[in-house]
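Asker: Structure: data04.pdb, PDB, C-alpha atoms.
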```
ATOM      1  CA  MET P  19     -16.983   0.995 -38.081
ATOM      2  CA  SER P  20     -19.274  -2.003 -38.174
ATOM      3  CA  LEU P  21     -16.342  -4.363 -37.438
ATOM      4  CA  ARG P  22     -15.241  -2.289 -34.468
ATOM      5  CA  THR P  23     -18.675  -2.010 -32.865
ATOM      6  CA  PRO P  24     -18.864  -5.593 -31.471
ATOM      7  CA  GLY P  25     -15.337  -5.251 -30.133
ATOM      8  CA  ARG P  26     -16.137  -1.968 -28.429
ATOM      9  CA  LEU P  27     -19.334  -3.467 -27.020
ATOM     10  CA  LEU P  28     -17.431  -6.424 -25.532
ATOM     11  CA  HIS P  29     -14.766  -4.072 -24.214
ATOM     12  CA  GLY P  30     -17.424  -1.924 -22.550
ATOM     13  CA  LEU P  31     -19.177  -4.959 -21.053
ATOM     14  CA  GLY P  32     -15.858  -6.243 -19.741
ATOM     15  CA  LEU P  33     -15.109  -2.917 -18.083
ATOM     16  CA  LEU P  34     -18.602  -2.877 -16.595
ATOM     17  CA  VAL P  35     -18.156  -6.358 -15.116
ATOM     18  CA  VAL P  36     -14.753  -5.455 -13.659
ATOM     19  CA  PHE P  37     -16.176  -2.226 -12.212
ATOM     20  CA  ALA P  38     -19.134  -4.064 -10.636
ATOM     21  CA  VAL P  39     -16.942  -6.818  -9.140
ATOM     22  CA  THR P  40     -14.529  -4.202  -7.754
ATOM     23  CA  VAL P  41     -17.040  -1.743  -6.351
ATOM     24  CA  PHE P  42     -19.796  -4.056  -5.072
ATOM     25  CA  PRO P  43     -17.873  -5.376  -1.991
ATOM     26  CA  PHE P  44     -17.060  -1.797  -1.013
ATOM     27  CA  TYR P  45     -20.708  -0.757  -1.474
ATOM     28  CA  TRP P  46     -21.901  -3.744   0.579
ATOM     29  CA  MET P  47     -19.504  -2.960   3.436
ATOM     30  CA  VAL P  48     -20.494   0.721   3.601
ATOM     31  CA  SER P  49     -24.237   0.057   3.341
ATOM     32  CA  SER P  50     -24.027  -2.703   5.984
ATOM     33  CA  SER P  51     -22.325  -0.286   8.382
ATOM     34  CA  PHE P  52     -25.583   1.712   8.489
ATOM     35  CA  LYS P  53     -27.802  -1.321   9.236
ATOM     36  CA  THR P  54     -28.995  -2.711  12.545
ATOM     37  CA  GLN P  55     -28.055  -6.260  13.509
ATOM     38  CA  ASN P  56     -31.559  -7.476  12.603
ATOM     39  CA  ASP P  57     -31.377  -5.847   9.165
ATOM     40  CA  LEU P  58     -27.958  -7.405   8.587
ATOM     41  CA  LEU P  59     -29.217 -10.908   9.388
ATOM     42  CA  ALA P  60     -32.425 -10.553   7.355
ATOM     43  CA  SER P  61     -33.046 -13.170   4.664
ATOM     44  CA  PRO P  62     -33.306 -12.318   1.831
ATOM     45  CA  PRO P  63     -30.910  -9.342   2.215
ATOM     46  CA  LEU P  64     -32.522  -5.926   2.588
ATOM     47  CA  TRP P  65     -31.735  -3.383  -0.104
ATOM     48  CA  LEU P  66     -33.963  -0.698   1.428
ATOM     49  CA  PHE P  67     -33.660  -0.014   5.168
ATOM     50  CA  SER P  68     -33.695   2.755   7.774
ATOM     51  CA  PRO P  69     -30.035   3.816   8.234
ATOM     52  CA  THR P  70     -28.542   4.131  11.714
ATOM     53  CA  LEU P  71     -25.304   5.666  13.034
ATOM     54  CA  ALA P  72     -25.225   3.435  16.116
ATOM     55  CA  ASN P  73     -22.413   1.288  14.699
ATOM     56  CA  TYR P  74     -20.180   4.328  14.132
ATOM     57  CA  ALA P  75     -20.963   5.609  17.636
ATOM     58  CA  ASP P  76     -19.772   2.266  19.034
ATOM     59  CA  VAL P  77     -16.589   2.377  16.931
ATOM     60  CA  PHE P  78     -15.528   5.902  17.909
ATOM     61  CA  ALA P  79     -16.340   5.221  21.567
ATOM     62  CA  ASP P  80     -13.954   2.253  21.538
ATOM     63  CA  GLN P  81     -10.466   3.466  22.550
ATOM     64  CA  LYS P  82      -8.980   0.288  21.077
ATOM     65  CA  VAL P  83     -10.038   1.337  17.571
ATOM     66  CA  VAL P  84      -8.642   4.863  18.008
ATOM     67  CA  ASN P  85      -5.289   3.482  19.227
ATOM     68  CA  ALA P  86      -5.207   1.018  16.341
ATOM     69  CA  VAL P  87      -5.674   3.794  13.756
ATOM     70  CA  ILE P  88      -2.839   5.770  15.405
ATOM     71  CA  ASN P  89      -0.605   2.675  15.346
ATOM     72  CA  SER P  90      -1.392   2.106  11.658
ATOM     73  CA  LEU P  91      -0.504   5.722  10.898
ATOM     74  CA  ILE P  92       2.826   5.532  12.764
ATOM     75  CA  VAL P  93       3.875   2.272  11.133
ATOM     76  CA  ALA P  94       2.769   3.290   7.618
ATOM     77  CA  LEU P  95       4.512   6.692   7.735
ATOM     78  CA  CYS P  96       7.772   5.371   9.219
ATOM     79  CA  SER P  97       8.050   2.304   6.964
ATOM     80  CA  THR P  98       7.235   4.337   3.839
ATOM     81  CA  GLY P  99       9.610   7.168   4.758
ATOM     82  CA  LEU P 100      12.530   4.826   5.487
ATOM     83  CA  SER P 101      11.854   2.822   2.326
ATOM     84  CA  VAL P 102      11.993   5.964   0.200
ATOM     85  CA  ALA P 103      15.176   7.165   1.964
ATOM     86  CA  LEU P 104      16.908   3.817   1.352
ATOM     87  CA  GLY P 105      15.404   2.933  -2.003
ATOM     88  CA  THR P 106      15.943   6.182  -3.906
ATOM     89  CA  PRO P 107      19.793   6.133  -3.824
ATOM     90  CA  ALA P 108      19.709   2.403  -4.643
ATOM     91  CA  ALA P 109      17.479   3.077  -7.645
ATOM     92  CA  PHE P 110      19.818   5.870  -8.800
ATOM     93  CA  ALA P 111      22.809   3.506  -8.686
ATOM     94  CA  LEU P 112      20.929   0.742 -10.527
ATOM     95  CA  ALA P 113      19.721   3.155 -13.206
ATOM     96  CA  ARG P 114      23.012   4.957 -13.935
ATOM     97  CA  TYR P 115      25.996   2.778 -13.066
ATOM     98  CA  GLU P 116      27.403  -0.584 -14.112
ATOM     99  CA  PHE P 117      28.927  -2.700 -11.365
ATOM    100  CA  ARG P 118      29.512  -6.333 -10.571
ATOM    101  CA  GLY P 119      26.417  -8.159  -9.347
ATOM    102  CA  LYS P 120      24.034  -5.459 -10.612
ATOM    103  CA  ALA P 121      21.731  -7.970 -12.347
ATOM    104  CA  ASP P 122      21.650 -10.189  -9.238
ATOM    105  CA  LEU P 123      20.902  -7.219  -6.994
ATOM    106  CA  TRP P 124      18.076  -6.069  -9.280
ATOM    107  CA  PHE P 125      16.611  -9.582  -9.345
ATOM    108  CA  TRP P 126      16.835  -9.771  -5.546
ATOM    109  CA  PHE P 127      14.804  -6.574  -5.185
ATOM    110  CA  ILE P 128      12.148  -7.789  -7.609
ATOM    111  CA  SER P 129      12.067 -11.345  -6.207
ATOM    112  CA  ASN P 130      10.960  -9.965  -2.846
ATOM    113  CA  ARG P 131       7.597  -9.330  -4.487
ATOM    114  CA  PHE P 132       7.401 -12.948  -5.716
ATOM    115  CA  ILE P 133       7.529 -14.586  -2.293
ATOM    116  CA  SER P 134       4.260 -15.169  -0.486
ATOM    117  CA  PRO P 135       4.234 -13.471   2.954
ATOM    118  CA  ILE P 136       2.966 -16.647   4.648
ATOM    119  CA  VAL P 137       6.233 -18.399   3.714
ATOM    120  CA  LEU P 138       8.275 -15.845   5.674
ATOM    121  CA  ALA P 139       5.857 -15.346   8.554
ATOM    122  CA  LEU P 140       7.177 -18.121  10.833
ATOM    123  CA  PRO P 141      10.921 -17.322  10.428
ATOM    124  CA  ILE P 142      10.227 -13.627  11.000
ATOM    125  CA  TYR P 143       8.175 -14.419  14.111
ATOM    126  CA  ILE P 144      10.959 -16.587  15.582
ATOM    127  CA  LEU P 145      13.588 -13.947  14.793
ATOM    128  CA  ALA P 146      11.494 -11.157  16.319
ATOM    129  CA  ARG P 147      10.793 -13.238  19.431
ATOM    130  CA  ASN P 148      14.505 -13.982  19.932
ATOM    131  CA  LEU P 149      15.314 -10.276  19.534
ATOM    132  CA  GLY P 150      12.580  -9.322  21.992
ATOM    133  CA  ILE P 151      10.815  -6.921  19.624
ATOM    134  CA  LEU P 152       7.456  -8.667  19.306
ATOM    135  CA  ASP P 153       4.436  -6.366  19.715
ATOM    136  CA  THR P 154       6.424  -3.213  18.979
ATOM    137  CA  HIS P 155       6.248  -0.598  16.257
ATOM    138  CA  LEU P 156       9.845  -1.447  15.346
ATOM    139  CA  VAL P 157       9.132  -5.012  14.199
ATOM    140  CA  LEU P 158       6.265  -3.930  11.951
ATOM    141  CA  ILE P 159       8.299  -1.071  10.454
ATOM    142  CA  LEU P 160      11.237  -3.386   9.690
ATOM    143  CA  VAL P 161       9.014  -6.068   8.160
ATOM    144  CA  TYR P 162       6.995  -3.609   6.082
ATOM    145  CA  ILE P 163      10.201  -2.137   4.655
ATOM    146  CA  THR P 164      10.968  -5.560   3.137
ATOM    147  CA  PHE P 165       8.003  -5.308   0.766
ATOM    148  CA  ILE P 166       7.828  -1.518   0.303
ATOM    149  CA  LEU P 167      11.532  -1.115  -0.568
ATOM    150  CA  PRO P 168      11.291  -3.255  -3.768
ATOM    151  CA  ILE P 169       8.349  -1.111  -4.935
ATOM    152  CA  VAL P 170      10.363   2.082  -4.416
ATOM    153  CA  VAL P 171      13.414   0.658  -6.215
ATOM    154  CA  TRP P 172      11.337  -0.761  -9.052
ATOM    155  CA  ILE P 173       9.421   2.431  -9.871
ATOM    156  CA  SER P 174      12.247   4.900  -9.141
ATOM    157  CA  THR P 175      14.805   2.995 -11.232
ATOM    158  CA  ASP P 176      12.551   3.188 -14.272
ATOM    159  CA  GLN P 177      11.979   6.883 -13.579
ATOM    160  CA  PHE P 178      15.707   7.661 -13.329
ATOM    161  CA  ARG P 179      16.424   5.743 -16.561
ATOM    162  CA  SER P 180      14.048   8.058 -18.432
ATOM    163  CA  ILE P 181      16.114  11.168 -17.513
ATOM    164  CA  PRO P 182      18.462  12.168 -20.391
ATOM    165  CA  LYS P 183      22.141  11.495 -19.718
ATOM    166  CA  ASP P 184      23.011  14.803 -21.373
ATOM    167  CA  LEU P 185      22.016  16.593 -18.192
ATOM    168  CA  GLU P 186      24.428  14.465 -16.172
ATOM    169  CA  GLU P 187      27.272  15.018 -18.647
ATOM    170  CA  ALA P 188      26.670  18.778 -18.645
ATOM    171  CA  ALA P 189      26.763  18.801 -14.846
ATOM    172  CA  ARG P 190      30.073  16.892 -14.863
ATOM    173  CA  LEU P 191      31.576  19.502 -17.185
ATOM    174  CA  GLU P 192      30.563  22.118 -14.617
ATOM    175  CA  GLY P 193      32.459  20.184 -11.942
ATOM    176  CA  ALA P 194      29.536  18.541 -10.155
ATOM    177  CA  ASN P 195      30.272  15.404  -8.142
ATOM    178  CA  GLN P 196      28.122  12.267  -7.836
ATOM    179  CA  PHE P 197      26.135  13.493  -4.869
ATOM    180  CA  THR P 198      25.410  16.875  -6.485
ATOM    181  CA  ILE P 199      24.227  15.179  -9.686
ATOM    182  CA  PHE P 200      21.911  12.953  -7.673
ATOM    183  CA  TRP P 201      20.624  15.699  -5.379
ATOM    184  CA  ARG P 202      20.296  18.599  -7.844
ATOM    185  CA  ILE P 203      19.307  16.767 -11.045
ATOM    186  CA  TYR P 204      17.970  13.228 -10.614
ATOM    187  CA  LEU P 205      16.067  13.701  -7.398
ATOM    188  CA  PRO P 206      13.931  16.690  -8.546
ATOM    189  CA  LEU P 207      13.267  15.205 -12.001
ATOM    190  CA  GLY P 208      12.488  11.777 -10.549
ATOM    191  CA  LEU P 209      10.123  13.153  -7.924
ATOM    192  CA  PRO P 210       6.878  11.999  -9.671
ATOM    193  CA  GLY P 211       8.034   8.374  -9.653
ATOM    194  CA  ILE P 212       9.284   8.602  -6.069
ATOM    195  CA  ALA P 213       5.947  10.074  -4.984
ATOM    196  CA  VAL P 214       4.046   7.274  -6.711
ATOM    197  CA  SER P 215       6.161   4.595  -5.025
ATOM    198  CA  ALA P 216       5.587   6.309  -1.659
ATOM    199  CA  ILE P 217       1.830   6.354  -2.254
ATOM    200  CA  PHE P 218       1.794   2.642  -3.111
ATOM    201  CA  GLY P 219       3.963   1.869  -0.099
ATOM    202  CA  PHE P 220       1.692   3.777   2.258
ATOM    203  CA  ILE P 221      -1.431   2.038   0.929
ATOM    204  CA  PHE P 222       0.142  -1.443   1.165
ATOM    205  CA  SER P 223       1.393  -0.897   4.713
ATOM    206  CA  TRP P 224      -1.923   0.634   5.818
ATOM    207  CA  ASN P 225      -3.878  -2.399   4.588
ATOM    208  CA  GLU P 226      -1.418  -5.139   5.638
ATOM    209  CA  LEU P 227      -2.960  -7.756   7.932
ATOM    210  CA  LEU P 228      -0.989 -11.018   8.034
ATOM    211  CA  TYR P 229       2.261  -9.783   9.614
ATOM    212  CA  ALA P 230       0.409  -7.437  11.968
ATOM    213  CA  LEU P 231      -1.795 -10.318  13.104
ATOM    214  CA  ILE P 232       1.192 -12.579  13.836
ATOM    215  CA  LEU P 233       3.677 -10.068  15.258
ATOM    216  CA  THR P 234       1.429  -7.974  17.545
ATOM    217  CA  ARG P 235      -0.562  -8.766  20.666
ATOM    218  CA  ARG P 236      -2.205  -5.780  22.401
ATOM    219  CA  ASP P 237       0.080  -2.731  22.533
ATOM    220  CA  VAL P 238       0.560  -1.974  18.822
ATOM    221  CA  GLN P 239      -2.311  -3.718  17.090
ATOM    222  CA  THR P 240      -3.067  -2.037  13.780
ATOM    223  CA  ALA P 241      -6.506  -1.144  12.435
ATOM    224  CA  PRO P 242      -6.996  -4.269  10.232
ATOM    225  CA  VAL P 243      -6.128  -6.509  13.213
ATOM    226  CA  VAL P 244      -8.618  -4.763  15.494
ATOM    227  CA  ALA P 245     -11.332  -5.124  12.841
ATOM    228  CA  THR P 246     -10.850  -8.905  12.849
ATOM    229  CA  SER P 247     -10.697  -9.070  16.668
ATOM    230  CA  PHE P 248     -14.435  -8.306  16.896
ATOM    231  CA  MET P 249     -15.117 -11.792  15.562
ATOM    232  CA  SER P 250     -14.872 -13.861  18.743
ATOM    233  CA  GLY P 251     -16.990 -16.609  20.288
ATOM    234  CA  TYR P 252     -20.601 -16.782  19.167
ATOM    235  CA  GLU P 253     -21.032 -13.025  18.852
ATOM    236  CA  LEU P 254     -20.514 -11.473  15.447
ATOM    237  CA  PRO P 255     -21.271  -7.723  15.572
ATOM    238  CA  TRP P 256     -21.361  -7.316  11.816
ATOM    239  CA  GLY P 257     -22.494  -3.702  12.019
ATOM    240  CA  LYS P 258     -19.481  -2.689  14.122
ATOM    241  CA  ILE P 259     -17.142  -4.765  11.947
ATOM    242  CA  MET P 260     -18.424  -3.100   8.780
ATOM    243  CA  ALA P 261     -18.256   0.374  10.364
ATOM    244  CA  THR P 262     -14.647  -0.266  11.451
ATOM    245  CA  GLY P 263     -13.788  -1.504   7.973
ATOM    246  CA  THR P 264     -15.277   1.635   6.442
ATOM    247  CA  VAL P 265     -13.332   3.877   8.839
ATOM    248  CA  ILE P 266     -10.131   2.050   7.868
ATOM    249  CA  VAL P 267     -10.675   1.962   4.119
ATOM    250  CA  LEU P 268     -12.348   5.304   3.452
ATOM    251  CA  PRO P 269      -9.367   7.667   4.097
ATOM    252  CA  VAL P 270      -7.049   5.610   1.878
ATOM    253  CA  THR P 271      -9.704   5.322  -0.845
ATOM    254  CA  ILE P 272     -10.322   9.091  -0.900
ATOM    255  CA  PHE P 273      -6.567   9.704  -0.907
ATOM    256  CA  ALA P 274      -6.072   7.277  -3.837
ATOM    257  CA  ILE P 275      -8.852   8.942  -5.845
ATOM    258  CA  LEU P 276      -7.394  12.410  -5.249
ATOM    259  CA  VAL P 277      -3.873  11.428  -6.341
ATOM    260  CA  SER P 278      -4.870   8.949  -9.080
ATOM    261  CA  ARG P 279      -4.068  11.434 -11.866
ATOM    262  CA  HIS P 280      -0.570  12.020 -10.460
ATOM    263  CA  MET P 281      -0.089   8.275  -9.968
ATOM    264  CA  VAL P 282      -0.807   7.552 -13.642
ATOM    265  CA  ARG P 283       1.446  10.406 -14.756
ATOM    266  CA  GLY P 284       4.278   9.214 -12.540
ATOM    267  CA  LEU P 285       3.996   5.637 -13.765
ATOM    268  CA  THR P 286       3.833   6.560 -17.457
ATOM    269  CA  MET P 287       6.691   9.079 -17.336
ATOM    270  CA  GLY P 288       9.155   6.266 -16.839
ATOM    271  CA  ALA P 289       7.780   4.382 -19.834
ATOM    272  CA  THR P 290       8.789   7.039 -22.376
ATOM    273  CA  LYS P 291      12.112   8.683 -23.114
TER     274      LYS P 291
END
```
Kindly return the structure encoded in the file as structure tokens.
Answerer:
Amino acid sequence: MSLRTPGRLLHGLGLLVVFAVTVFPFYWMVSSSFKTQNDLLASPPLWLFSPTLANYADVFADQKVVNAVINSLIVALCSTGLSVALGTPAAFALARYEFRGKADLWFWFISNRFISPIVLALPIYILARNLGILDTHLVLILVYITFILPIVVWISTDQFRSIPKDLEEAARLEGANQFTIFWRIYLPLGLPGIAVSAIFGFIFSWNELLYALILTRRDVQTAPVVATSFMSGYELPWGKIMATGTVIVLPVTIFAILVSRHMVRGLTMGATK
């Protein structure tokens, strides 16, 4: 017991440091959204202040912010839905069948997560400009699929591998074809992993900034882009910026907290057979 105590103490301190580093920026953003401009620029920083809702009133009165949240919702839902529709059958094939080039295909899916987005930004911009789809929902949906699809394939493949093959063999004896086996057996049993990949995909697409900043102008700007657009010239309305950031982050944060238990269960189910 005495040998374990220092280790547990260090482990607890490490968790405390990680928690503080993770939560403090979020706390600072939310608390700053309730400050006046003078309180925000005070030196040293004010920890106690009279809260105001003026920044949130400015945000919700700005039609540009409302449109940006709607654009983010459209792009996130469409890109996540299409990624799940395309990635789930691909994951089923990678998990259950042997075919030529399988290892290369698997590596290609995973390698999409290795490449930094800034490397691909310029080629994608030129391609989108030549196709005439800049500043449209379509270009963002297509680009977001490129980094959500590998997540869906990665998680769903592991989930499908954890399903006993005996179920598939029993279904074949009953005369079931490939599609029936996928639709009636693998899809329902693999639903926790598919749901987790969809949740991750939605969160990543909701928060994405770089591609949205490069590929949009005015019509389909997403919420993260609009938040950065307030920083122009010599005026920095930090209160409005922080309030916009809170409006953007809060729904996804609450959603992640509510589904965190299901996310852990979905991720760990594929790790055991």
Asker: Rank nothing, just name the residue among P:Arg131, P:Arg202, P:Arg118, P:His155 nearest to Leu91 of chain P, using only C-alpha atoms.
Answerer: P:His155
Asker: Fewer than 4 positions away in the same chain doesn't count, so skip those; otherwise give me all residues within 12 Å of Leu145 of chain P, counting all atoms listed in the file, as a PyMOL selection string.
Answerer: chain P and resi 138-141+149-152+157+160-161+233
Asker: Give me, as a PDB file with C-alpha atoms, in the coordinates of the input, all polymer residues having an atom no more than 12 Å from segment 221-224 of chain P, counting all atoms listed in the file and skipping those fewer than 2 positions away in the same chain.
Answerer:
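To be explicit, this is the file written out as selection_9.pdb:
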```pdb
ATOM      1  CA  ALA P  86      -5.207   1.018  16.341  1.00  0.00           C
ATOM      2  CA  VAL P  87      -5.674   3.794  13.756  1.00  0.00           C
ATOM      3  CA  ILE P  88      -2.839   5.770  15.405  1.00  0.00           C
ATOM      4  CA  ASN P  89      -0.605   2.675  15.346  1.00  0.00           C
ATOM      5  CA  SER P  90      -1.392   2.106  11.658  1.00  0.00           C
ATOM      6  CA  LEU P  91      -0.504   5.722  10.898  1.00  0.00           C
ATOM      7  CA  ILE P  92       2.826   5.532  12.764  1.00  0.00           C
ATOM      8  CA  VAL P  93       3.875   2.272  11.133  1.00  0.00           C
ATOM      9  CA  ALA P  94       2.769   3.290   7.618  1.00  0.00           C
ATOM     10  CA  LEU P  95       4.512   6.692   7.735  1.00  0.00           C
ATOM     11  CA  CYS P  96       7.772   5.371   9.219  1.00  0.00           C
ATOM     12  CA  SER P  97       8.050   2.304   6.964  1.00  0.00           C
ATOM     13  CA  THR P  98       7.235   4.337   3.839  1.00  0.00           C
ATOM     14  CA  GLY P  99       9.610   7.168   4.758  1.00  0.00           C
ATOM     15  CA  SER P 101      11.854   2.822   2.326  1.00  0.00           C
ATOM     16  CA  LEU P 158       6.265  -3.930  11.951  1.00  0.00           C
ATOM     17  CA  ILE P 159       8.299  -1.071  10.454  1.00  0.00           C
ATOM     18  CA  LEU P 160      11.237  -3.386   9.690  1.00  0.00           C
ATOM     19  CA  VAL P 161       9.014  -6.068   8.160  1.00  0.00           C
ATOM     20  CA  TYR P 162       6.995  -3.609   6.082  1.00  0.00           C
ATOM     21  CA  ILE P 163      10.201  -2.137   4.655  1.00  0.00           C
ATOM     22  CA  THR P 164      10.968  -5.560   3.137  1.00  0.00           C
ATOM     23  CA  PHE P 165       8.003  -5.308   0.766  1.00  0.00           C
ATOM     24  CA  ILE P 166       7.828  -1.518   0.303  1.00  0.00           C
ATOM     25  CA  LEU P 167      11.532  -1.115  -0.568  1.00  0.00           C
ATOM     26  CA  ILE P 169       8.349  -1.111  -4.935  1.00  0.00           C
ATOM     27  CA  VAL P 214       4.046   7.274  -6.711  1.00  0.00           C
ATOM     28  CA  SER P 215       6.161   4.595  -5.025  1.00  0.00           C
ATOM     29  CA  ALA P 216       5.587   6.309  -1.659  1.00  0.00           C
ATOM     30  CA  ILE P 217       1.830   6.354  -2.254  1.00  0.00           C
ATOM     31  CA  PHE P 218       1.794   2.642  -3.111  1.00  0.00           C
ATOM     32  CA  GLY P 219       3.963   1.869  -0.099  1.00  0.00           C
ATOM     33  CA  GLU P 226      -1.418  -5.139   5.638  1.00  0.00           C
ATOM     34  CA  LEU P 227      -2.960  -7.756   7.932  1.00  0.00           C
ATOM     35  CA  LEU P 228      -0.989 -11.018   8.034  1.00  0.00           C
ATOM     36  CA  TYR P 229       2.261  -9.783   9.614  1.00  0.00           C
ATOM     37  CA  ALA P 230       0.409  -7.437  11.968  1.00  0.00           C
ATOM     38  CA  THR P 240      -3.067  -2.037  13.780  1.00  0.00           C
ATOM     39  CA  ALA P 241      -6.506  -1.144  12.435  1.00  0.00           C
ATOM     40  CA  PRO P 242      -6.996  -4.269  10.232  1.00  0.00           C
ATOM     41  CA  VAL P 243      -6.128  -6.509  13.213  1.00  0.00           C
ATOM     42  CA  ILE P 266     -10.131   2.050   7.868  1.00  0.00           C
ATOM     43  CA  VAL P 267     -10.675   1.962   4.119  1.00  0.00           C
ATOM     44  CA  LEU P 268     -12.348   5.304   3.452  1.00  0.00           C
ATOM     45  CA  PRO P 269      -9.367   7.667   4.097  1.00  0.00           C
ATOM     46  CA  VAL P 270      -7.049   5.610   1.878  1.00  0.00           C
ATOM     47  CA  THR P 271      -9.704   5.322  -0.845  1.00  0.00           C
ATOM     48  CA  ILE P 272     -10.322   9.091  -0.900  1.00  0.00           C
ATOM     49  CA  PHE P 273      -6.567   9.704  -0.907  1.00  0.00           C
ATOM     50  CA  ALA P 274      -6.072   7.277  -3.837  1.00  0.00           C
TER      51      ALA P 274
END
```
Asker: Quick check on the file I pasted: which residues fall under the PyMOL selection byres ((chain P and resi 261) around 8)? Write them as a ChimeraX atom specification.
Answerer: /P:47-48,50-52,73-74,77,257-260,262-265
Asker: Could you list, as number ranges by chain, every residue within 10 Å of Phe67 of chain P, counting all atoms listed in the file and ignoring same-chain residues fewer than 3 positions away?
Answerer: P: 49, 52-54, 57-58, 64, 70
Asker: Using all atoms listed in the file, which of P:Phe132, P:Asn85, P:Arg190, P:Trp201 sits nearest Asp237 of chain P?
Answerer: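 When distances to Asp237 of chain P are compared using all atoms listed in the file, the smallest one comes from P:Asn85.
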Asker: Hey, can you check how far atom CA of Pro63 of chain P sits from atom CA of Trp46 of chain P?
Answerer: 10.7 Å
Asker: How many Å separate atom CA of Asp176 of chain P from atom CA of Pro210 of chain P?
Answerer: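 Atom-to-atom, atom CA of Asp176 of chain P and atom CA of Pro210 of chain P are spaced 11.4 Å apart.
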Asker: What gap, in Å, lies between atom CA of Ala72 of chain P and atom CA of Thr234 of chain P?
Answerer: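 Going from atom CA of Ala72 of chain P over to atom CA of Thr234 of chain P, I get 29.0 Å.
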Asker: Name all residues at most 8 Å from segment 121-127 of chain P (count all atoms listed in the file; drop same-chain ones fewer than 3 positions away) and give them as number ranges by chain.
Answerer: P: 112, 130-131, 167-168, 171-172
Asker: Starting from 8 Å padding per side, set up an axis-aligned box that covers all listed atoms of segment 212-224 of chain P and hand over centre and edge lengths in Å, one decimal, as JSON.
Answerer:
```
{"center_x": 3.7, "center_y": 4.3, "center_z": -0.4, "size_x": 27.2, "size_y": 27.5, "size_z": 28.5}
```
Asker: For each of P:Ile232, P:Leu33, P:Val170, P:Ala194, take the minimum atom-to-atom distance to Pro107 of chain P, counting all atoms listed in the file, then give the residue where this is smallest.
Answerer: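 Closest to Pro107 of chain P of all the choices is P:Val170.
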Asker: Could you tell me which of P:Phe220, P:Phe200, P:Phe110, P:Tyr115 comes closest to Ile173 of chain P if we count all atoms listed in the file?
Answerer: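 Answer, going by the shortest atom-to-atom distance: P:Phe110.
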Asker: Using only C-alpha atoms, determine which residues lie at most 8 Å from Ile181 of chain P, disregarding the query and same-chain residues fewer than 3 positions distant; provide the list as a list in words.
Answerer: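 The residues that qualify are Gln177, Phe178, Tyr204, Leu207, Gly208 and Lys291 of chain P.
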